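Student: My structure is below; once you've seen it, I'll send some questions.
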Amino acid sequence: MFNIGVLALQGDVDAHIDILELLGARVCKITKLSDLHGLDGIVIPGGESTTFSMLLESSGLFEPIKKIVSDGIPTLGTCAGLILLSTKVLDGRSDQKSFGLLNAVVKRNGFGRQISSFVDKIELQDSNNGEEATYINEEYQTVKVTGAFIRAPKIVSVGPGVQVLGTILQKEIVYVREKNIFATSFHPEITRNTFIHEKFLDAAKKG
Amino acid sequence: MEQSNSDQNLLINKSQGDYLVKVGLAEMLKGGVIMDVVNADQAKIAEDAGAVAVMALERVPADIRRDGGVARMSDPTLIEEIMSVVTIPVMAKARIGHFGEAQILEAIGVDFIDESEVLTPADEAYHIDKLKFKVPFVCGATNLGEALRRIQEGAAMIRSKGEAGTGDIVEAVRHLRSITTDIKAISMAADEELSVWAKNLGASYDLIRVVKESKKLPVPLFCAGGIATPADASLVMQLGAEACFVGSGIFKSGDPSKRARAIVEATAHYNEPDVVLKVSRDLGEPMVGISAKDTSIKLAERGW
């Protein structure tokens, strides 16, 4: 049994918990320091990154989470989670803090407001790390992931060490990995696809 | 098993996708506080205090109640001004049944439309056909039947009506308890009881079945109408609300910025009394409020 903590200060915590439990993980919600003990992986859900930033600070969770993520705990961030993990945030608030552990530049609401939100198939790229390479084509059968882009951030660029695992429209980067950190600009938990969480849990099981 | 489940979900058509991103935005707002603001300055204060969204309107419910007259959709210029100063989602209100106002709000590009009993209803028989819109809607409800009728019409989020503009939490508590009590009863009901539930609640049999299987509403359930203190927020979250709308409670109080932040903290940490205690100290004057019993106009009775 492995323990996954979902940051639960705000956001779509329940949707992540549903999928993680479906995949056999034991899940706890992180709202205070004592919740950080004994975790094998951390999920930072979708929500409002400005609210996360404030509540992480006031709860004293900011530095401890930053430390365990930088120490190598498998971590999955979706949407706001991606923003929080990235090194540079465009269009953020001046006092908005991010962990800065994923070498990427992201633009908040880069895909526009709610009226522009959409669901799309993700084009998976060869991950080059021993996993089965999966390429998308127009046939549904080979699609492994669809994601919901909800006021989604755009990954403007990624630095060295970051693998691009998924794109849409053949060019927009939407799914990346750097060492222990997985991040998506979309919500696999809203379309209830298990693929992304499976990859993250595989990493968590390996320790 | 997961794989087949997953494969099924890959076949998402356009209208299913549109619905997923509507309910999806409501999911993103869970655990947060949505604050009523009447100008750009208040919107900034709300965002600084950690609001997950703001509701842009010309008058907060307490003032609408005081002023009387017909309350309509706000001036688009005001809504656009507020949208331009904050990065969080912006909601706005349309009158019950007034799809003309809703079309304007969609054209402005607001992130959520509240078909709200706080405004004067435009239609005494019908609510807006919300499935026709790309923008998600939130609707108020006082009981489970009303909530399911709104969901049937396409609402992506339900909030308790409470009694807006009073600062009295009693009506919101009544509405939340009514909804959650019936959900519990339905989730334990035998299959043959479901059609009677559907008849008695005036709701579709299919949605009643969804409630039985999932043991919750098909969309997020938020609380609105009467929240004025961090303790109010903690109370309604423990009663099953998944986020809070705060209307007059913040900007009708002595220190809006501090109170706003305190309610955000209390909503996030609703199960941790030590945190709620800490943020409840020295908040200054709360909104004065009026007992919901003493109000001559009951906004919660609007909507059908």
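Chain labels follow the order of the structure tokens: the first chain is A, the next B, and so on; residue numbering restarts at 1 in every chain, and ligands are counted from 1 in their shown order.
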Specify as a list of chain:residue names all residues of chain A found within 6 Å of chain B, counting only C-alpha atoms.
Tutor: A:Leu9, A:Gln10, A:Gly11, A:Asp12, A:Gly46, A:Gly47, A:Glu48, A:Thr51, A:Gln114, A:Ile115, A:Val119, A:Thr146, A:Asn193
Student: From the DSSP assignment of the backbone, select every residue of range 7-129 of chain A that is alpha helix (DSSP H), and format the answer as a count of residues only.
Tutor: 35
Student: Taking only C-alpha atoms into account, name the residue in A:Ile168, A:Ala15, A:Val176, A:Leu56 that is nearest to Phe111 in chain A.
Tutor: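 Among A:Ile168, A:Ala15, A:Val176, A:Leu56, it is A:Ile168 that comes nearest to Phe111 in chain A.
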Student: Of the residues A:Pro64, A:Gly110, A:Gly5, A:Gly147, which is the one nearest to Val89 in chain A, using only C-alpha atoms?
Tutor: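 Using only C-alpha atoms, the shortest distance to Val89 in chain A belongs to A:Gly110.
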Student: Taking the chain letters and numbering used in this document, name the residues of range 59-172 of chain B that DSSP puts in strand (DSSP E), as number ranges by chain.
Tutor: B: 90-95, 112-116, 137-141, 157-160
Student: Tell me which protein, DNA and RNA residues are within 12 Å of Asp202 in chain A, counting only C-alpha atoms, leaving out same-chain ones fewer than 3 positions away, and put them as a list in words.
Tutor: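 The neighbour list is Phe2, Leu20, Leu23, Gly24, Ala25, Asp40, Gly41, Pro74, Thr75, Leu76, Glu131, Asn180, Phe182, Phe195, Ile196, His197, Glu198, Lys199, Lys205, Lys206 and Gly207 of chain A.
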Student: Go ahead and save the picked residues with N, CA and C atoms, as a CSV table (one decimal), in the first residue's frame.
Tutor:
chain,number,residue,atom,x,y,z
A,2,PHE,N,0.5,2.2,-0.8
A,2,PHE,CA,1.3,3.4,-0.8
A,2,PHE,C,0.4,4.6,-0.5
A,20,LEU,N,-7.4,8.3,-7.7
A,20,LEU,CA,-6.3,7.7,-7.0
A,20,LEU,C,-6.8,6.4,-6.2
A,23,LEU,N,-7.4,3.5,-8.4
A,23,LEU,CA,-6.1,2.9,-8.8
A,23,LEU,C,-5.5,2.2,-7.6
A,24,GLY,N,-6.1,2.2,-6.5
A,24,GLY,CA,-5.6,1.4,-5.3
A,24,GLY,C,-4.7,2.2,-4.3
A,25,ALA,N,-4.7,3.5,-4.5
A,25,ALA,CA,-3.8,4.2,-3.5
A,25,ALA,C,-4.6,4.5,-2.2
A,40,ASP,N,4.2,8.8,0.0
A,40,ASP,CA,4.9,8.3,-1.1
A,40,ASP,C,4.8,9.1,-2.3
A,41,GLY,N,3.9,10.0,-2.3
A,41,GLY,CA,3.6,10.9,-3.5
A,41,GLY,C,2.7,12.0,-3.1
A,74,PRO,N,7.7,11.7,-5.6
A,74,PRO,CA,6.9,11.8,-6.8
A,74,PRO,C,5.8,12.8,-6.7
A,75,THR,N,5.6,13.7,-7.6
A,75,THR,CA,4.7,14.8,-7.5
A,75,THR,C,3.9,14.9,-8.8
A,76,LEU,N,2.6,15.1,-8.7
A,76,LEU,CA,1.8,15.4,-9.9
A,76,LEU,C,1.0,16.7,-9.7
A,131,GLU,N,9.4,3.4,-21.0
A,131,GLU,CA,7.9,3.1,-21.1
A,131,GLU,C,7.6,2.9,-22.6
A,180,ASN,N,11.2,13.7,-10.7
A,180,ASN,CA,10.1,13.2,-9.9
A,180,ASN,C,8.8,14.0,-10.2
A,182,PHE,N,5.7,15.4,-12.3
A,182,PHE,CA,4.8,15.3,-13.5
A,182,PHE,C,3.8,16.5,-13.5
A,195,PHE,N,-4.8,7.4,-17.1
A,195,PHE,CA,-3.4,7.2,-17.6
A,195,PHE,C,-2.4,8.0,-16.9
A,196,ILE,N,-2.6,9.3,-16.7
A,196,ILE,CA,-1.6,10.2,-16.1
A,196,ILE,C,-1.4,9.8,-14.7
A,197,HIS,N,-2.4,9.5,-14.0
A,197,HIS,CA,-2.3,9.1,-12.6
A,197,HIS,C,-1.6,7.8,-12.5
A,198,GLU,N,-1.8,6.9,-13.4
A,198,GLU,CA,-1.1,5.6,-13.4
A,198,GLU,C,0.4,5.8,-13.5
A,199,LYS,N,0.8,6.7,-14.4
A,199,LYS,CA,2.3,7.0,-14.6
A,199,LYS,C,2.9,7.5,-13.3
A,205,LYS,N,5.4,4.2,-6.6
A,205,LYS,CA,5.6,2.8,-6.2
A,205,LYS,C,7.1,2.4,-6.2
A,206,LYS,N,7.8,3.0,-7.2
A,206,LYS,CA,9.2,2.7,-7.3
A,206,LYS,C,10.0,3.4,-6.2
A,207,GLY,N,9.3,4.5,-5.7
A,207,GLY,CA,10.0,5.3,-4.6
A,207,GLY,C,10.9,6.2,-5.2
Student: Taking 2 positions as the minimum chain separation for residues in the same chain, which residues sit within 12 Å of Ala122 in chain B when counting only C-alpha atoms? Answer as a list in words.
Tutor: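 Within the cut-off, the hits are Val70, Ala71, Arg72, Met73, Ala94, Arg95, Ile96, Gly97, His98, Phe99, Gly100, Glu101, Ala102, Glu115, Ser116, Glu117, Val118, Leu119, Thr120, Glu124, Ala125, Tyr126, His127, Ile128, Arg302 and Gly303 of chain B.
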Student: Please compute the CA of Asn3 in chain A-CA of Ile83 in chain A distance, one decimal, in Å.
Tutor: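 Computed distance, CA of Asn3 in chain A to CA of Ile83 in chain A, equals 23.8 Å.
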